[in-house]
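Novice: Take a look at this one; I'll ask things after.
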Amino acid sequence: MSQSTTFTILLGGELRLTDRLRAATAGSRFIAADGGMRHAVALNATPELWVGDFDSTPPDLSGAFPDVPKQPYPAAKAATDGEIAITEAIDRGAKRLILAGAMGGERSDHAIQHLLYGIQLAEKGFDVLLTSGDEEAVPLLPGDMELALPAGSLFSVLGFSDLTGLFIHNVRYPLRDFHLPFGASRTISNVAEGAVRFSLGSGRAIVLARPYDLTGV
């Protein structure tokens, strides 16, 4: 049987173990980026590689995973630990990338960079999910996409450029052939009525969903 082409990258942001997170990562391979290794305990996972400068790794965490190969990098490097871990996953055959711990935490610069990098990866043909457990982010590029969300859950579309030809179906506030100027807030706080269908003519965006937030019901 061939090895899984789904890789979960353990990043340093917040992560809450949920049923959706368990289902998404089931059968995946794992690579940890520096202090993101702490999430391996919650996920009951043993990463096949641990990369980073290890400046955010407590000593007791190193002792808990003595058999995981480490790939150290100097603190003064040209890429984040997360990007290095993702590159390693791609080199090992990744097609789907789950960036766990990509949002929240103390470093909003890292969280924003993860969203931007997620869009770049999607443009290269990778299937990308960014998650904190409570929140999920999926790149939205020209074409069609369906996102399975519980009815009543909240989601927003964040444009990273002008968006044209935007359609959103099976939601409380549907849109049809809509033009969203860059920076406009029209697509913030919509409510899913089940699986949401998107179509985009041009532009780049992120769909940021809160599957366990049913305040929209």
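Please note that chains go A, B, ... in the order of the structure tokens, that every chain numbers its residues from 1, and that ligands are numbered from 1 in the order shown.
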Would you kindly return, as a list in words, each protein, DNA or RNA residue with an atom no farther than 7 Å from any atom of A:Val128, considering only C-alpha atoms and excluding same-chain residues fewer than 2 positions away?
Specialist: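 Using only C-alpha atoms, the neighbours found are Arg96, Leu97, Ile98, Gly118, Ala122, Phe126, Leu130 and Val138 of chain A.
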Novice: How would the residues just picked look written out with C-alpha atoms as a PDB file, in the first residue's frame?
Specialist:
```
ATOM      1  CA  ARG A  96      -2.796  17.570   0.780  1.00  0.00           C
ATOM      2  CA  LEU A  97      -1.442  19.802   3.541  1.00  0.00           C
ATOM      3  CA  ILE A  98      -3.170  20.327   6.887  1.00  0.00           C
ATOM      4  CA  GLY A 118      -1.718  28.726   2.071  1.00  0.00           C
ATOM      5  CA  ALA A 122      -3.212  26.276  -3.419  1.00  0.00           C
ATOM      6  CA  PHE A 126      -1.963  21.601  -3.319  1.00  0.00           C
ATOM      7  CA  LEU A 130      -5.425  25.643   7.916  1.00  0.00           C
ATOM      8  CA  VAL A 138      -9.415  27.215   3.054  1.00  0.00           C
TER       9      VAL A 138
END
```
Novice: Apply DSSP to the structure's backbone, then extract all residues of chain A labelled alpha helix (DSSP H) and return them as a VMD selection string.
Specialist: chain A and resid 19 to 25 38 to 43 59 to 64 81 to 91 108 to 123
Novice: Could you build a table of the residues in stretch 84-168 of chain A lying no more than 9 Å from stretch 192-201 of chain A, giving for each the nearest pair of atoms and their separation in Å rounded to one decimal place, using only C-alpha atoms, ordered by chain and ascending residue number, as JSON lines?
Specialist:
```
{"residue": "A:Leu140", "atom": "CA", "partner": "A:Leu200", "partner_atom": "CA", "distance": 7.7}
{"residue": "A:Leu141", "atom": "CA", "partner": "A:Leu200", "partner_atom": "CA", "distance": 6.5}
{"residue": "A:Pro142", "atom": "CA", "partner": "A:Leu200", "partner_atom": "CA", "distance": 4.6}
{"residue": "A:Gly143", "atom": "CA", "partner": "A:Leu200", "partner_atom": "CA", "distance": 5.4}
{"residue": "A:Asp144", "atom": "CA", "partner": "A:Ser199", "partner_atom": "CA", "distance": 4.4}
{"residue": "A:Met145", "atom": "CA", "partner": "A:Phe198", "partner_atom": "CA", "distance": 5.1}
{"residue": "A:Glu146", "atom": "CA", "partner": "A:Arg197", "partner_atom": "CA", "distance": 4.4}
{"residue": "A:Leu147", "atom": "CA", "partner": "A:Val196", "partner_atom": "CA", "distance": 5.2}
{"residue": "A:Ala148", "atom": "CA", "partner": "A:Ala195", "partner_atom": "CA", "distance": 4.2}
{"residue": "A:Leu149", "atom": "CA", "partner": "A:Ala195", "partner_atom": "CA", "distance": 5.2}
{"residue": "A:Pro150", "atom": "CA", "partner": "A:Gly194", "partner_atom": "CA", "distance": 5.3}
{"residue": "A:Ala151", "atom": "CA", "partner": "A:Glu193", "partner_atom": "CA", "distance": 4.3}
{"residue": "A:Gly152", "atom": "CA", "partner": "A:Ala192", "partner_atom": "CA", "distance": 5.4}
{"residue": "A:Ser153", "atom": "CA", "partner": "A:Ala192", "partner_atom": "CA", "distance": 5.5}
{"residue": "A:Leu154", "atom": "CA", "partner": "A:Ala192", "partner_atom": "CA", "distance": 6.4}
{"residue": "A:Phe155", "atom": "CA", "partner": "A:Ala192", "partner_atom": "CA", "distance": 7.2}
{"residue": "A:Leu163", "atom": "CA", "partner": "A:Leu200", "partner_atom": "CA", "distance": 7.4}
{"residue": "A:Thr164", "atom": "CA", "partner": "A:Gly201", "partner_atom": "CA", "distance": 5.5}
{"residue": "A:Gly165", "atom": "CA", "partner": "A:Gly201", "partner_atom": "CA", "distance": 4.4}
{"residue": "A:Leu166", "atom": "CA", "partner": "A:Leu200", "partner_atom": "CA", "distance": 4.5}
{"residue": "A:Phe167", "atom": "CA", "partner": "A:Ser199", "partner_atom": "CA", "distance": 5.0}
{"residue": "A:Ile168", "atom": "CA", "partner": "A:Phe198", "partner_atom": "CA", "distance": 4.8}
```
Novice: Using DSSP on the backbone coordinates, identify the residues of chain A assigned to strand (DSSP E or B); present them as JSON, numbers by chain.
Specialist: {"A": [6, 7, 8, 9, 10, 29, 30, 31, 32, 33, 49, 50, 51, 52, 70, 71, 72, 96, 97, 98, 99, 100, 127, 128, 129, 130, 131, 136, 137, 138, 139, 140, 143, 144, 145, 146, 147, 154, 155, 156, 157, 158, 159, 163, 164, 165, 166, 167, 168, 169, 170, 171, 175, 176, 177, 178, 179, 180, 190, 191, 192, 193, 194, 195, 196, 197, 198, 199, 200, 202, 205, 206, 207, 208, 209, 210]}
Novice: Go through A:Asp91, A:Asp134, A:Asp53, A:Glu106 and flag the residue nearest A:Gly13, using only C-alpha atoms for the distances.
Specialist: A:Glu106
Novice: Excluding A:Leu15 and residues on its chain fewer than 6 positions from it, collect all residues at most 10 Å away from it, counting only C-alpha atoms, and give them as a ChimeraX atom specification.
Specialist: /A:21,36,38-39,42-43,100-105,131-135
Novice: Those same residues - N, CA and C atoms - I'd like them written as a CSV table (one decimal), in the first residue's frame.
Specialist:
```
chain,number,residue,atom,x,y,z
A,21,LEU,N,-11.1,17.9,13.4
A,21,LEU,CA,-9.7,17.8,13.3
A,21,LEU,C,-9.2,16.3,13.3
A,36,GLY,N,5.6,23.5,17.7
A,36,GLY,CA,4.3,22.8,17.3
A,36,GLY,C,4.3,21.3,17.7
A,38,ARG,N,4.3,20.2,20.5
A,38,ARG,CA,3.4,19.9,21.6
A,38,ARG,C,2.0,19.4,21.2
A,39,HIS,N,1.6,19.7,20.0
A,39,HIS,CA,0.3,19.2,19.5
A,39,HIS,C,0.3,17.7,19.2
A,42,ALA,N,-1.6,15.8,22.0
A,42,ALA,CA,-3.0,15.8,21.9
A,42,ALA,C,-3.5,14.9,20.7
A,43,LEU,N,-2.8,14.9,19.6
A,43,LEU,CA,-3.3,14.2,18.5
A,43,LEU,C,-2.8,12.7,18.5
A,100,ALA,N,-1.9,22.5,11.0
A,100,ALA,CA,-2.5,22.5,12.3
A,100,ALA,C,-1.8,23.4,13.3
A,101,GLY,N,-2.6,24.3,13.9
A,101,GLY,CA,-1.9,25.4,14.8
A,101,GLY,C,-1.5,26.5,13.9
A,102,ALA,N,-2.1,26.7,12.8
A,102,ALA,CA,-1.7,27.8,11.9
A,102,ALA,C,-2.3,29.2,12.3
A,103,MET,N,-3.3,29.2,13.2
A,103,MET,CA,-3.9,30.4,13.5
A,103,MET,C,-3.9,30.6,15.0
A,104,GLY,N,-4.0,31.9,15.5
A,104,GLY,CA,-4.0,32.2,16.9
A,104,GLY,C,-2.6,32.2,17.5
A,105,GLY,N,-2.6,32.1,18.8
A,105,GLY,CA,-1.3,32.1,19.4
A,105,GLY,C,-0.7,33.6,19.6
A,131,THR,N,-6.0,25.1,10.2
A,131,THR,CA,-6.9,24.9,11.3
A,131,THR,C,-6.4,25.2,12.7
A,132,SER,N,-7.2,25.7,13.6
A,132,SER,CA,-6.9,25.8,15.0
A,132,SER,C,-7.8,24.8,15.8
A,133,GLY,N,-8.6,24.0,15.0
A,133,GLY,CA,-9.7,23.2,15.7
A,133,GLY,C,-11.0,24.0,15.7
A,134,ASP,N,-10.9,25.1,16.3
A,134,ASP,CA,-12.1,26.0,16.4
A,134,ASP,C,-12.4,26.7,15.1
A,135,GLU,N,-11.3,27.1,14.4
A,135,GLU,CA,-11.5,27.8,13.1
A,135,GLU,C,-10.8,27.0,12.0
```
Novice: Do a neighbour search on A:Ile188 at 9 Å with only C-alpha atoms, toss out local chain neighbours closer than 4 positions, and write the hits as a ChimeraX atom specification.
Specialist: /A:155-158,184
Novice: Restricted to N, CA and C atoms, what would the selected residues look like written as a PDB file, in the first residue's frame?
Specialist:
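Just written: part34.pdb:
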```
ATOM      1  N   PHE A 155     -19.174  31.771   8.824  1.00  0.00           N
ATOM      2  CA  PHE A 155     -17.984  31.808   7.982  1.00  0.00           C
ATOM      3  C   PHE A 155     -17.896  33.178   7.325  1.00  0.00           C
ATOM      4  N   SER A 156     -16.690  33.516   6.895  1.00  0.00           N
ATOM      5  CA  SER A 156     -16.442  34.769   6.177  1.00  0.00           C
ATOM      6  C   SER A 156     -15.550  34.478   4.983  1.00  0.00           C
ATOM      7  N   VAL A 157     -15.665  35.323   3.968  1.00  0.00           N
ATOM      8  CA  VAL A 157     -14.757  35.282   2.823  1.00  0.00           C
ATOM      9  C   VAL A 157     -13.880  36.530   2.901  1.00  0.00           C
ATOM     10  N   LEU A 158     -12.583  36.319   3.036  1.00  0.00           N
ATOM     11  CA  LEU A 158     -11.619  37.413   3.155  1.00  0.00           C
ATOM     12  C   LEU A 158     -10.874  37.548   1.832  1.00  0.00           C
ATOM     13  N   ALA A 184     -13.117  45.354   1.178  1.00  0.00           N
ATOM     14  CA  ALA A 184     -14.525  45.520   1.527  1.00  0.00           C
ATOM     15  C   ALA A 184     -14.971  44.425   2.491  1.00  0.00           C
TER      16      ALA A 184
END
```
Novice: Counting only C-alpha atoms, figure out which residue out of A:Phe54, A:Phe160, A:Tyr117, A:Tyr212 gets nearest to A:Leu180.
Specialist: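 That would be A:Phe160, the residue with the smallest distance to A:Leu180.
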Novice: What is the atom CA of A:Gly203-atom CA of A:Glu83 distance in Å, reported with one decimal?
Specialist: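 Answer for the atom CA of A:Gly203 to atom CA of A:Glu83 separation: 23.6 Å.
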Novice: For each of A:Arg172, A:Ser185, A:Gln113, A:Asp162, take the minimum atom-to-atom distance to A:Ser202, counting only C-alpha atoms, then give the residue where this is smallest.
Specialist: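 Counting only C-alpha atoms, the residue closest to A:Ser202 is A:Asp162.
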Novice: Calculate how many Å separate atom CA of A:Ala205 from atom CA of A:Ala89, rounding to one decimal.
Specialist: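 Calculated distance between atom CA of A:Ala205 and atom CA of A:Ala89 is 23.9 Å.
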Novice: For atom CA of A:Val191 and atom CA of A:Asp19, quote the distance in Å rounded to one decimal.
Specialist: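 Atom CA of A:Asp19 lies at a distance of 20.5 Å from atom CA of A:Val191.
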